[in-house]
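*Asks:* Handing over run-v3.pdb, PDB, C-alpha atoms, pLDDT in the B column.
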ATOM      1  CA  GLY H   1     117.575 130.696 157.292  1.00 40.00           C
ATOM      2  CA  GLY H   2     120.376 128.194 157.585  1.00 37.00           C
ATOM      3  CA  LEU H   3     120.259 124.716 159.008  1.00 34.00           C
ATOM      4  CA  VAL H   4     121.332 123.965 162.556  1.00 34.00           C
ATOM      5  CA  GLU H   5     122.640 120.440 163.133  1.00 35.00           C
ATOM      6  CA  GLN H   6     121.112 118.877 166.216  1.00 38.00           C
ATOM      7  CA  GLN H   7     123.283 116.572 168.308  1.00 38.00           C
ATOM      8  CA  HIS H   8     122.153 113.788 170.664  1.00 39.00           C
ATOM      9  CA  VAL H   9     123.251 114.078 174.246  1.00 37.00           C
ATOM     10  CA  GLY H  10     122.558 112.158 177.422  1.00 42.00           C
ATOM     11  CA  PRO H  11     123.496 108.670 178.575  1.00 38.00           C
ATOM     12  CA  ALA H  12     120.369 107.044 177.129  1.00 39.00           C
ATOM     13  CA  ASP H  13     121.712 107.575 173.628  1.00 40.00           C
ATOM     14  CA  HIS H  14     124.683 105.318 174.320  1.00 33.00           C
ATOM     15  CA  GLN H  15     122.386 102.445 175.245  1.00 34.00           C
ATOM     16  CA  HIS H  16     120.415 102.492 171.998  1.00 35.00           C
ATOM     17  CA  ARG H  17     121.216 102.607 168.335  1.00 32.00           C
ATOM     18  CA  GLN H  18     122.621 105.882 167.075  1.00 33.00           C
ATOM     19  CA  ARG H  19     120.224 108.054 165.119  1.00 36.00           C
ATOM     20  CA  GLU H  20     121.117 110.472 162.372  1.00 34.00           C
ATOM     21  CA  ALA H  21     121.463 114.054 163.592  1.00 38.00           C
ATOM     22  CA  ARG H  22     118.283 116.068 163.075  1.00 43.00           C
ATOM     23  CA  LEU H  23     118.311 119.154 160.914  1.00 41.00           C
ATOM     24  CA  LEU H  24     115.983 121.881 162.141  1.00 44.00           C
ATOM     25  CA  PRO H  25     115.731 125.030 159.996  1.00 43.00           C
ATOM     26  CA  ALA H  26     116.982 127.911 162.119  1.00 40.00           C
ATOM     27  CA  GLY H  27     114.141 130.075 163.380  1.00 42.00           C
ATOM     28  CA  GLU H  28     111.415 127.492 162.751  1.00 50.00           C
ATOM     29  CA  HIS H  29     109.264 126.114 165.556  1.00 58.00           C
ATOM     30  CA  ALA H  30     110.184 122.696 166.890  1.00 70.00           C
ATOM     31  CA  GLY H  31     106.705 121.492 167.852  1.00 73.00           C
ATOM     32  CA  GLY H  32     106.236 119.238 164.844  1.00 77.00           C
ATOM     33  CA  LEU H  33     109.696 117.709 165.135  1.00 84.00           C
ATOM     34  CA  LEU H  34     109.193 117.096 168.844  1.00 89.00           C
ATOM     35  CA  HIS H  35     106.151 115.000 167.917  1.00 85.00           C
ATOM     36  CA  VAL H  36     108.286 112.897 165.576  1.00 87.00           C
ATOM     37  CA  VAL H  37     111.236 112.206 167.856  1.00 90.00           C
ATOM     38  CA  ALA H  38     109.000 111.615 170.887  1.00 92.00           C
ATOM     39  CA  ALA H  39     106.956 108.988 169.041  1.00 91.00           C
ATOM     40  CA  GLU H  40     110.042 107.301 167.593  1.00 92.00           C
ATOM     41  CA  ALA H  41     111.775 107.139 170.970  1.00 93.00           C
ATOM     42  CA  VAL H  42     108.780 105.822 172.882  1.00 94.00           C
ATOM     43  CA  LEU H  43     107.948 103.125 170.327  1.00 94.00           C
ATOM     44  CA  GLU H  44     111.566 101.986 170.311  1.00 94.00           C
ATOM     45  CA  ARG H  45     112.403 102.198 174.008  1.00 94.00           C
ATOM     46  CA  GLY H  46     109.108 102.273 175.895  1.00 94.00           C
ATOM     47  CA  LEU H  47     107.239 105.123 177.540  1.00 94.00           C
ATOM     48  CA  GLN H  48     108.955 105.015 180.920  1.00 94.00           C
ATOM     49  CA  ALA H  49     112.433 104.985 179.352  1.00 95.00           C
ATOM     50  CA  VAL H  50     111.949 108.325 177.572  1.00 95.00           C
ATOM     51  CA  THR H  51     112.199 111.684 179.324  1.00 95.00           C
ATOM     52  CA  VAL H  52     111.646 115.308 178.359  1.00 95.00           C
ATOM     53  CA  GLU H  53     115.431 115.695 178.464  1.00 95.00           C
ATOM     54  CA  ASP H  54     115.848 112.887 175.899  1.00 94.00           C
ATOM     55  CA  ILE H  55     113.264 114.368 173.529  1.00 93.00           C
ATOM     56  CA  ALA H  56     114.604 117.920 173.785  1.00 92.00           C
ATOM     57  CA  ALA H  57     118.196 116.778 173.258  1.00 92.00           C
ATOM     58  CA  SER H  58     117.214 114.831 170.144  1.00 89.00           C
ATOM     59  CA  VAL H  59     115.947 118.051 168.566  1.00 88.00           C
ATOM     60  CA  GLY H  60     118.860 120.107 169.875  1.00 88.00           C
ATOM     61  CA  ILE H  61     116.859 122.366 172.179  1.00 89.00           C
ATOM     62  CA  SER H  62     116.856 122.947 175.925  1.00 91.00           C
ATOM     63  CA  GLN H  63     114.221 121.548 178.250  1.00 92.00           C
ATOM     64  CA  ARG H  64     113.087 125.130 178.830  1.00 92.00           C
ATOM     65  CA  THR H  65     112.408 125.521 175.104  1.00 91.00           C
ATOM     66  CA  PHE H  66     110.582 122.184 175.077  1.00 92.00           C
ATOM     67  CA  PHE H  67     108.178 123.557 177.686  1.00 92.00           C
ATOM     68  CA  ASN H  68     107.386 126.477 175.391  1.00 88.00           C
ATOM     69  CA  TYR H  69     105.620 123.920 173.196  1.00 88.00           C
ATOM     70  CA  PHE H  70     104.380 121.200 175.545  1.00 90.00           C
ATOM     71  CA  ALA H  71     103.751 121.096 179.287  1.00 90.00           C
ATOM     72  CA  THR H  72     104.692 117.414 179.612  1.00 92.00           C
ATOM     73  CA  ARG H  73     106.300 114.524 177.761  1.00 93.00           C
ATOM     74  CA  ASP H  74     102.882 112.959 177.272  1.00 92.00           C
ATOM     75  CA  GLN H  75     101.600 116.098 175.551  1.00 90.00           C
ATOM     76  CA  ALA H  76     104.460 115.882 173.058  1.00 89.00           C
ATOM     77  CA  LEU H  77     103.210 112.394 172.245  1.00 88.00           C
ATOM     78  CA  ALA H  78      99.451 112.853 172.289  1.00 86.00           C
ATOM     79  CA  ALA H  79      98.605 116.539 171.879  1.00 81.00           C
ATOM     80  CA  ILE H  80      98.115 118.452 168.642  1.00 81.00           C
ATOM     81  CA  ASP H  81     100.955 120.700 167.485  1.00 79.00           C
ATOM     82  CA  PRO H  82     100.367 123.997 169.383  1.00 80.00           C
ATOM     83  CA  VAL H  83     101.307 126.053 166.332  1.00 80.00           C
ATOM     84  CA  SER H  84      98.567 124.284 164.355  1.00 85.00           C
ATOM     85  CA  ILE H  85      96.104 125.058 167.151  1.00 88.00           C
ATOM     86  CA  GLU H  86      97.110 128.708 167.163  1.00 90.00           C
ATOM     87  CA  GLU H  87      96.575 128.898 163.413  1.00 91.00           C
ATOM     88  CA  LEU H  88      93.125 127.332 163.706  1.00 93.00           C
ATOM     89  CA  LEU H  89      92.045 129.672 166.508  1.00 95.00           C
ATOM     90  CA  THR H  90      93.295 132.674 164.518  1.00 95.00           C
ATOM     91  CA  GLU H  91      91.247 131.580 161.506  1.00 95.00           C
ATOM     92  CA  LEU H  92      88.158 131.103 163.679  1.00 95.00           C
ATOM     93  CA  ASP H  93      88.665 134.544 165.171  1.00 95.00           C
ATOM     94  CA  GLN H  94      88.723 136.044 161.667  1.00 94.00           C
ATOM     95  CA  ILE H  95      85.378 134.562 160.590  1.00 93.00           C
ATOM     96  CA  ASP H  96      82.952 137.248 159.473  1.00 92.00           C
ATOM     97  CA  ALA H  97      80.114 137.570 161.962  1.00 89.00           C
ATOM     98  CA  HIS H  98      77.565 137.402 159.139  1.00 89.00           C
ATOM     99  CA  GLU H  99      79.017 134.439 157.212  1.00 91.00           C
ATOM    100  CA  PRO H 100      76.907 131.270 157.506  1.00 90.00           C
ATOM    101  CA  LEU H 101      78.335 129.305 160.418  1.00 89.00           C
ATOM    102  CA  GLY H 102      78.490 125.953 158.631  1.00 89.00           C
ATOM    103  CA  GLU H 103      80.346 127.340 155.621  1.00 90.00           C
ATOM    104  CA  ALA H 104      82.826 129.240 157.783  1.00 93.00           C
ATOM    105  CA  LEU H 105      83.599 126.274 160.009  1.00 93.00           C
ATOM    106  CA  GLN H 106      83.907 123.908 157.057  1.00 93.00           C
ATOM    107  CA  ARG H 107      86.536 126.142 155.456  1.00 93.00           C
ATOM    108  CA  CYS H 108      88.537 126.453 158.673  1.00 94.00           C
ATOM    109  CA  PHE H 109      88.371 122.746 159.527  1.00 93.00           C
ATOM    110  CA  GLN H 110      89.315 121.648 156.009  1.00 91.00           C
ATOM    111  CA  GLN H 111      92.408 123.831 156.111  1.00 90.00           C
ATOM    112  CA  TRP H 112      93.249 122.561 159.575  1.00 89.00           C
ATOM    113  CA  ALA H 113      92.893 118.918 158.560  1.00 88.00           C
ATOM    114  CA  SER H 114      95.240 119.417 155.608  1.00 83.00           C
ATOM    115  CA  ARG H 115      97.869 120.805 157.981  1.00 80.00           C
ATOM    116  CA  LEU H 116      97.447 117.935 160.448  1.00 78.00           C
ATOM    117  CA  VAL H 117      98.060 115.283 157.792  1.00 72.00           C
ATOM    118  CA  VAL H 118     101.526 116.407 156.736  1.00 61.00           C
ATOM    119  CA  ASP H 119     103.120 113.022 157.377  1.00 65.00           C
ATOM    120  CA  ASP H 120     100.961 109.881 157.510  1.00 72.00           C
ATOM    121  CA  GLU H 121     103.737 107.856 159.146  1.00 78.00           C
ATOM    122  CA  VAL H 122     104.031 110.291 162.060  1.00 79.00           C
ATOM    123  CA  LEU H 123     100.283 110.071 162.644  1.00 81.00           C
ATOM    124  CA  ARG H 124     100.496 106.274 162.595  1.00 84.00           C
ATOM    125  CA  MET H 125     103.346 106.272 165.110  1.00 87.00           C
ATOM    126  CA  ARG H 126     101.452 108.562 167.456  1.00 83.00           C
ATOM    127  CA  ARG H 127      98.327 106.451 167.084  1.00 85.00           C
ATOM    128  CA  GLU H 128     100.278 103.297 167.908  1.00 90.00           C
ATOM    129  CA  ALA H 129     101.791 104.953 170.974  1.00 90.00           C
ATOM    130  CA  THR H 130      98.405 106.046 172.317  1.00 88.00           C
ATOM    131  CA  SER H 131      97.014 102.554 171.733  1.00 88.00           C
ATOM    132  CA  ARG H 132      99.875 100.971 173.724  1.00 92.00           C
ATOM    133  CA  TRP H 133      99.770 103.351 176.673  1.00 91.00           C
ATOM    134  CA  PRO H 134      96.309 104.323 177.988  1.00 91.00           C
ATOM    135  CA  GLU H 135      97.695 107.360 179.803  1.00 90.00           C
ATOM    136  CA  LEU H 136      98.602 108.883 176.441  1.00 89.00           C
ATOM    137  CA  ALA H 137      95.062 108.342 175.183  1.00 88.00           C
ATOM    138  CA  ALA H 138      93.772 110.028 178.335  1.00 89.00           C
ATOM    139  CA  GLN H 139      96.104 112.954 177.713  1.00 87.00           C
ATOM    140  CA  GLY H 140      94.758 113.248 174.181  1.00 86.00           C
ATOM    141  CA  VAL H 141      91.168 113.324 175.429  1.00 89.00           C
ATOM    142  CA  GLN H 142      92.034 116.011 177.962  1.00 89.00           C
ATOM    143  CA  ASP H 143      93.829 118.172 175.413  1.00 89.00           C
ATOM    144  CA  ASN H 144      91.032 117.730 172.889  1.00 90.00           C
ATOM    145  CA  ALA H 145      88.472 118.936 175.456  1.00 92.00           C
ATOM    146  CA  ALA H 146      90.591 122.019 176.116  1.00 91.00           C
ATOM    147  CA  LEU H 147      90.843 122.706 172.388  1.00 93.00           C
ATOM    148  CA  MET H 148      87.068 122.369 171.964  1.00 94.00           C
ATOM    149  CA  ALA H 149      86.535 124.897 174.775  1.00 95.00           C
ATOM    150  CA  ASP H 150      89.014 127.332 173.192  1.00 96.00           C
ATOM    151  CA  MET H 151      87.337 127.059 169.802  1.00 96.00           C
ATOM    152  CA  ILE H 152      83.883 127.641 171.241  1.00 96.00           C
ATOM    153  CA  ALA H 153      85.063 130.636 173.300  1.00 96.00           C
ATOM    154  CA  THR H 154      86.740 132.138 170.228  1.00 96.00           C
ATOM    155  CA  LEU H 155      83.533 131.817 168.208  1.00 95.00           C
ATOM    156  CA  GLN H 156      81.360 133.148 171.018  1.00 94.00           C
ATOM    157  CA  ALA H 157      83.263 136.412 170.904  1.00 93.00           C
ATOM    158  CA  ARG H 158      82.264 136.942 167.254  1.00 89.00           C
ATOM    159  CA  ARG H 159      79.033 135.081 166.596  1.00 93.00           C
ATOM    160  CA  SER H 160      75.388 135.566 167.544  1.00 92.00           C
ATOM    161  CA  GLU H 161      74.620 131.849 167.853  1.00 93.00           C
ATOM    162  CA  ASP H 162      74.172 130.543 171.391  1.00 93.00           C
ATOM    163  CA  ARG H 163      76.821 128.409 173.064  1.00 94.00           C
ATOM    164  CA  PHE H 164      74.919 125.168 172.525  1.00 95.00           C
ATOM    165  CA  GLU H 165      74.734 125.674 168.767  1.00 92.00           C
ATOM    166  CA  LEU H 166      78.380 126.675 168.545  1.00 94.00           C
ATOM    167  CA  ALA H 167      79.466 123.709 170.669  1.00 95.00           C
ATOM    168  CA  LEU H 168      77.376 121.317 168.599  1.00 93.00           C
ATOM    169  CA  MET H 169      78.788 122.550 165.288  1.00 92.00           C
ATOM    170  CA  VAL H 170      82.386 122.559 166.512  1.00 94.00           C
ATOM    171  CA  ASN H 171      82.091 119.011 167.848  1.00 94.00           C
ATOM    172  CA  LEU H 172      80.416 117.746 164.671  1.00 93.00           C
ATOM    173  CA  MET H 173      83.058 119.365 162.440  1.00 94.00           C
ATOM    174  CA  SER H 174      85.809 117.910 164.621  1.00 93.00           C
ATOM    175  CA  ALA H 175      84.207 114.480 164.362  1.00 94.00           C
ATOM    176  CA  VAL H 176      84.304 114.692 160.560  1.00 94.00           C
ATOM    177  CA  VAL H 177      88.017 115.555 160.637  1.00 92.00           C
ATOM    178  CA  LYS H 178      88.801 112.712 163.055  1.00 90.00           C
ATOM    179  CA  ALA H 179      86.825 110.184 161.017  1.00 92.00           C
ATOM    180  CA  ALA H 180      88.475 111.242 157.749  1.00 90.00           C
ATOM    181  CA  ILE H 181      91.970 111.023 159.248  1.00 87.00           C
ATOM    182  CA  ALA H 182      91.195 107.657 160.872  1.00 86.00           C
ATOM    183  CA  ASP H 183      90.059 106.269 157.516  1.00 87.00           C
ATOM    184  CA  LEU H 184      93.260 107.549 155.909  1.00 83.00           C
ATOM    185  CA  LEU H 185      95.385 105.835 158.553  1.00 79.00           C
ATOM    186  CA  ARG H 186      93.495 102.570 158.052  1.00 81.00           C
ATOM    187  CA  GLY H 187      94.487 102.650 154.402  1.00 81.00           C
ATOM    188  CA  GLY H 188      91.071 103.622 153.080  1.00 81.00           C
ATOM    189  CA  SER H 189      90.703 104.024 149.333  1.00 85.00           C
ATOM    190  CA  VAL H 190      89.019 107.434 149.576  1.00 88.00           C
ATOM    191  CA  SER H 191      91.242 110.508 149.833  1.00 87.00           C
ATOM    192  CA  LEU H 192      91.241 112.769 152.878  1.00 86.00           C
ATOM    193  CA  ALA H 193      89.806 115.642 150.823  1.00 88.00           C
ATOM    194  CA  ASP H 194      86.958 113.504 149.465  1.00 92.00           C
ATOM    195  CA  ASN H 195      86.065 112.123 152.881  1.00 91.00           C
ATOM    196  CA  LEU H 196      86.061 115.631 154.337  1.00 92.00           C
ATOM    197  CA  SER H 197      83.799 116.837 151.539  1.00 92.00           C
ATOM    198  CA  ARG H 198      81.412 113.920 152.083  1.00 93.00           C
ATOM    199  CA  GLY H 199      81.320 114.431 155.835  1.00 94.00           C
ATOM    200  CA  PHE H 200      80.753 118.164 155.635  1.00 92.00           C
ATOM    201  CA  ALA H 201      78.040 117.683 153.018  1.00 91.00           C
ATOM    202  CA  MET H 202      76.231 115.374 155.441  1.00 90.00           C
ATOM    203  CA  LEU H 203      76.467 117.997 158.170  1.00 87.00           C
ATOM    204  CA  ARG H 204      75.097 120.706 155.874  1.00 82.00           C
ATOM    205  CA  SER H 205      72.162 118.470 155.058  1.00 83.00           C
ATOM    206  CA  LEU H 206      71.466 117.907 158.749  1.00 78.00           C
ATOM    207  CA  GLU H 207      71.856 121.603 159.502  1.00 69.00           C
ATOM    208  CA  SER H 208      69.278 122.521 156.848  1.00 72.00           C
ATOM    209  CA  GLN H 209      66.828 119.971 158.243  1.00 71.00           C
ATOM    210  CA  PHE H 210      67.084 121.003 161.868  1.00 66.00           C
ATOM    211  CA  SER H 211      67.729 124.760 161.691  1.00 63.00           C
ATOM    212  CA  PRO H 212      65.026 126.810 163.470  1.00 61.00           C
ATOM    213  CA  PRO H 213      62.519 128.401 161.055  1.00 59.00           C
ATOM    214  CA  ASP H 214      63.621 131.952 161.879  1.00 56.00           C
ATOM    215  CA  ARG H 215      67.320 131.280 161.161  1.00 49.00           C
TER     216      ARG H 215
END
How does the structure come out when it is put into C-alpha cells?
*Replies:*
Amino acid sequence: GGLVEQQHVGPADHQHRQREARLLPAGEHAGGLLHVVAAEAVLERGLQAVTVEDIAASVGISQRTFFNYFATRDQALAAIDPVSIEELLTELDQIDAHEPLGEALQRCFQQWASRLVVDDEVLRMRREATSRWPELAAQGVQDNAALMADMIATLQARRSEDRFELALMVNLMSAVVKAAIADLLRGGSVSLADNLSRGFAMLRSLESQFSPPDR
C-alpha cells in the first residue's frame, strides 16, 4: 500500500518543537507507532502534559482508532503491542497437544521475543518512562498479569497438563524473555538469541530434574 502522511494537530504542538510528520503505511496497524510517539512525547513533555488526543494526532488517527489498540494513555506507554500479543496467543493455540510442553513454549517465546525487540531505542525509552512514573510500572504489571492469564487459558484448552504446571512453565518462560531483554538494554555483551538459548536450556534441565516419574 501507499504511504499516508500524518500531520500534527492540537494546541500542544505549538508549544513544543515541531516534529517531522510520521509516515504510516496505509492499512498497517498503528500499535507499534503509538508506542514510539507516546514514549517520545512523555519523556520530552512529562506524563501529565500528554493526552490520548496528542498521541493519536501524532500518528494521524482518531481517538476512537487509538482505543482500538489501547484502553488508556498509560497502556500505550507500558503495555505490550496488542498485535504482538495476538500473534503469541495464536501460536500457543496452534501447539500440538502431544508436543512436549517445554519445546513448544520455547519455540513460541523465542519467536515472540524476536518480535518484541524490533527497536532497542524504543524499548529503552519505554523503560525510562516506566522508571520515572510509578503508575506506568503499575500499569505494566497489571497488563502482564492479564497476558499471563490469557496464555494459560489458551494452553488449558489444548493441553493435558494441569493449570499449576502450565502457569509455572509460562511464568518461567516469560522470566527468561524479560531477563534476556533486560540484559540487552543494559548493553550486555551476549546477544538476545544466545541469552534466550541459555535461559531455556536451564529451564529444560530443571524440567527434566523435577518432572514426575510417570510424565
*Asks:* Report as a list in words the full result of the PyMOL selection byres ((chain H and resi 182-190) around 10) when it is applied to this structure.
*Replies:*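 With the PyMOL selection byres ((chain H and resi 182-190) around 10) on this model, the match is Val117, Asp120, Glu121, Leu123, Arg124, Arg127, Val176, Val177, Lys178, Ala179, Ala180, Ile181, Ser191, Leu192, Ala193, Asp194, Asn195 and Leu196 of chain H.
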*Asks:* Create the file for the chosen residues now, containing C-alpha atoms and written as a PDB file, keeping the file's coordinate frame.
*Replies:*
ATOM      1  CA  VAL H 117      98.060 115.283 157.792  1.00 72.00           C
ATOM      2  CA  ASP H 120     100.961 109.881 157.510  1.00 72.00           C
ATOM      3  CA  GLU H 121     103.737 107.856 159.146  1.00 78.00           C
ATOM      4  CA  LEU H 123     100.283 110.071 162.644  1.00 81.00           C
ATOM      5  CA  ARG H 124     100.496 106.274 162.595  1.00 84.00           C
ATOM      6  CA  ARG H 127      98.327 106.451 167.084  1.00 85.00           C
ATOM      7  CA  VAL H 176      84.304 114.692 160.560  1.00 94.00           C
ATOM      8  CA  VAL H 177      88.017 115.555 160.637  1.00 92.00           C
ATOM      9  CA  LYS H 178      88.801 112.712 163.055  1.00 90.00           C
ATOM     10  CA  ALA H 179      86.825 110.184 161.017  1.00 92.00           C
ATOM     11  CA  ALA H 180      88.475 111.242 157.749  1.00 90.00           C
ATOM     12  CA  ILE H 181      91.970 111.023 159.248  1.00 87.00           C
ATOM     13  CA  SER H 191      91.242 110.508 149.833  1.00 87.00           C
ATOM     14  CA  LEU H 192      91.241 112.769 152.878  1.00 86.00           C
ATOM     15  CA  ALA H 193      89.806 115.642 150.823  1.00 88.00           C
ATOM     16  CA  ASP H 194      86.958 113.504 149.465  1.00 92.00           C
ATOM     17  CA  ASN H 195      86.065 112.123 152.881  1.00 91.00           C
ATOM     18  CA  LEU H 196      86.061 115.631 154.337  1.00 92.00           C
TER      19      LEU H 196
END
*Asks:* If you take every atom of stretch 41-53 of chain H that the file lists and fit an axis-aligned box around them with 4 Å extra on each side, what centre and edge lengths come out in Å to one decimal, as lines of an AutoDock Vina configuration file?
*Replies:*
center_x = 111.3
center_y = 108.8
center_z = 175.6
size_x = 16.2
size_y = 21.7
size_z = 18.6
*Asks:* What's around H:Leu166 at 12 Å? Count only C-alpha atoms, leave out sequence neighbours fewer than 5 positions away in its own chain, and write the answer as number ranges by chain.
*Replies:* H: 92, 101-102, 104-105, 148-161, 171-173
*Asks:* Could those selected residues go to a file with C-alpha atoms, as an mmCIF file, keeping the file's coordinate frame?
*Replies:*
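Dumped to part.cif:
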data_model
loop_
_atom_site.group_PDB
_atom_site.id
_atom_site.type_symbol
_atom_site.label_atom_id
_atom_site.label_comp_id
_atom_site.auth_asym_id
_atom_site.auth_seq_id
_atom_site.Cartn_x
_atom_site.Cartn_y
_atom_site.Cartn_z
ATOM 1 C CA LEU H 92 88.158 131.103 163.679
ATOM 2 C CA LEU H 101 78.335 129.305 160.418
ATOM 3 C CA GLY H 102 78.490 125.953 158.631
ATOM 4 C CA ALA H 104 82.826 129.240 157.783
ATOM 5 C CA LEU H 105 83.599 126.274 160.009
ATOM 6 C CA MET H 148 87.068 122.369 171.964
ATOM 7 C CA ALA H 149 86.535 124.897 174.775
ATOM 8 C CA ASP H 150 89.014 127.332 173.192
ATOM 9 C CA MET H 151 87.337 127.059 169.802
ATOM 10 C CA ILE H 152 83.883 127.641 171.241
ATOM 11 C CA ALA H 153 85.063 130.636 173.300
ATOM 12 C CA THR H 154 86.740 132.138 170.228
ATOM 13 C CA LEU H 155 83.533 131.817 168.208
ATOM 14 C CA GLN H 156 81.360 133.148 171.018
ATOM 15 C CA ALA H 157 83.263 136.412 170.904
ATOM 16 C CA ARG H 158 82.264 136.942 167.254
ATOM 17 C CA ARG H 159 79.033 135.081 166.596
ATOM 18 C CA SER H 160 75.388 135.566 167.544
ATOM 19 C CA GLU H 161 74.620 131.849 167.853
ATOM 20 C CA ASN H 171 82.091 119.011 167.848
ATOM 21 C CA LEU H 172 80.416 117.746 164.671
ATOM 22 C CA MET H 173 83.058 119.365 162.440
#
*Asks:* If the PyMOL selection byres ((chain H and resi 65-72) around 12) were run on this exact file, what residues would it hold? Put them as a PyMOL selection string.
*Replies:* chain H and resi 29-35+38+50-64+73-86+136+139+143
*Asks:* With distances taken over all atoms listed in the file, which of H:Arg126, H:Ala167, H:Glu135, H:Ser208 is nearest to H:Ala41?
*Replies:*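 That would be H:Arg126, the residue with the smallest distance to H:Ala41.
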*Asks:* Do you have the atom CA of H:Ala129-atom CA of H:Val42 distance handy?
*Replies:*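 Taking atom CA of H:Ala129 as the start and atom CA of H:Val42 as the end point, the length is 7.3 Å.
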*Asks:* Quick one: of H:Gly140, H:Leu168, H:Phe200, H:Arg132, who's nearest to H:Cys108, counting all atoms listed in the file?
*Replies:*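 Going through H:Gly140, H:Leu168, H:Phe200, H:Arg132 one by one, the smallest distance to H:Cys108 is for H:Phe200.
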*Asks:* Have a look at atom CA of H:Leu203 and atom CA of H:Val170 and let me know their distance in Å, one decimal.
*Replies:*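 Between atom CA of H:Leu203 and atom CA of H:Val170 the gap works out to 11.2 Å.
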*Asks:* From the set H:Ala137, H:Ser131, H:Glu87, H:Glu103, which residue has the shortest atom-to-atom contact distance to H:Leu116, counting only C-alpha atoms?
*Replies:*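 Looking at the shortest contact to H:Leu116, the residue is H:Glu87.
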*Asks:* Mind completing stretch 29-46 of chain H with N, CA and C atoms? Output as a PDB file, keeping the file's coordinate frame, please?
*Replies:*
ATOM      1  N   HIS H  29     109.718 126.713 164.310  1.00 58.00           N
ATOM      2  CA  HIS H  29     109.264 126.114 165.556  1.00 58.00           C
ATOM      3  C   HIS H  29     109.567 124.622 165.553  1.00 58.00           C
ATOM      4  N   ALA H  30     109.769 124.094 166.755  1.00 70.00           N
ATOM      5  CA  ALA H  30     110.184 122.696 166.890  1.00 70.00           C
ATOM      6  C   ALA H  30     109.036 121.775 167.255  1.00 70.00           C
ATOM      7  N   GLY H  31     107.819 122.314 167.385  1.00 73.00           N
ATOM      8  CA  GLY H  31     106.705 121.492 167.852  1.00 73.00           C
ATOM      9  C   GLY H  31     106.482 120.246 167.025  1.00 73.00           C
ATOM     10  N   GLY H  32     106.467 120.391 165.704  1.00 77.00           N
ATOM     11  CA  GLY H  32     106.236 119.238 164.844  1.00 77.00           C
ATOM     12  C   GLY H  32     107.335 118.204 164.956  1.00 77.00           C
ATOM     13  N   LEU H  33     108.583 118.644 165.026  1.00 84.00           N
ATOM     14  CA  LEU H  33     109.696 117.709 165.135  1.00 84.00           C
ATOM     15  C   LEU H  33     109.720 117.018 166.495  1.00 84.00           C
ATOM     16  N   LEU H  34     109.288 117.721 167.529  1.00 89.00           N
ATOM     17  CA  LEU H  34     109.193 117.096 168.844  1.00 89.00           C
ATOM     18  C   LEU H  34     108.201 115.930 168.821  1.00 89.00           C
ATOM     19  N   HIS H  35     107.100 116.099 168.086  1.00 85.00           N
ATOM     20  CA  HIS H  35     106.151 115.000 167.917  1.00 85.00           C
ATOM     21  C   HIS H  35     106.848 113.772 167.336  1.00 85.00           C
ATOM     22  N   VAL H  36     107.646 113.994 166.302  1.00 87.00           N
ATOM     23  CA  VAL H  36     108.286 112.897 165.576  1.00 87.00           C
ATOM     24  C   VAL H  36     109.264 112.147 166.474  1.00 87.00           C
ATOM     25  N   VAL H  37     110.196 112.881 167.075  1.00 90.00           N
ATOM     26  CA  VAL H  37     111.236 112.206 167.856  1.00 90.00           C
ATOM     27  C   VAL H  37     110.658 111.578 169.123  1.00 90.00           C
ATOM     28  N   ALA H  38     109.627 112.197 169.698  1.00 92.00           N
ATOM     29  CA  ALA H  38     109.000 111.615 170.887  1.00 92.00           C
ATOM     30  C   ALA H  38     108.357 110.275 170.551  1.00 92.00           C
ATOM     31  N   ALA H  39     107.614 110.235 169.443  1.00 91.00           N
ATOM     32  CA  ALA H  39     106.956 108.988 169.041  1.00 91.00           C
ATOM     33  C   ALA H  39     107.975 107.916 168.702  1.00 91.00           C
ATOM     34  N   GLU H  40     109.008 108.275 167.949  1.00 92.00           N
ATOM     35  CA  GLU H  40     110.042 107.301 167.593  1.00 92.00           C
ATOM     36  C   GLU H  40     110.700 106.717 168.842  1.00 92.00           C
ATOM     37  N   ALA H  41     111.058 107.586 169.781  1.00 93.00           N
ATOM     38  CA  ALA H  41     111.775 107.139 170.970  1.00 93.00           C
ATOM     39  C   ALA H  41     110.913 106.234 171.834  1.00 93.00           C
ATOM     40  N   VAL H  42     109.658 106.605 172.020  1.00 94.00           N
ATOM     41  CA  VAL H  42     108.780 105.822 172.882  1.00 94.00           C
ATOM     42  C   VAL H  42     108.477 104.453 172.277  1.00 94.00           C
ATOM     43  N   LEU H  43     108.240 104.404 170.964  1.00 94.00           N
ATOM     44  CA  LEU H  43     107.948 103.125 170.327  1.00 94.00           C
ATOM     45  C   LEU H  43     109.168 102.205 170.334  1.00 94.00           C
ATOM     46  N   GLU H  44     110.344 102.791 170.320  1.00 94.00           N
ATOM     47  CA  GLU H  44     111.566 101.986 170.311  1.00 94.00           C
ATOM     48  C   GLU H  44     111.974 101.544 171.712  1.00 94.00           C
ATOM     49  N   ARG H  45     111.825 102.451 172.688  1.00 94.00           N
ATOM     50  CA  ARG H  45     112.403 102.198 174.008  1.00 94.00           C
ATOM     51  C   ARG H  45     111.376 102.011 175.113  1.00 94.00           C
ATOM     52  N   GLY H  46     110.130 102.361 174.858  1.00 94.00           N
ATOM     53  CA  GLY H  46     109.108 102.273 175.895  1.00 94.00           C
ATOM     54  C   GLY H  46     108.861 103.615 176.547  1.00 94.00           C
TER      55      GLY H  46
END
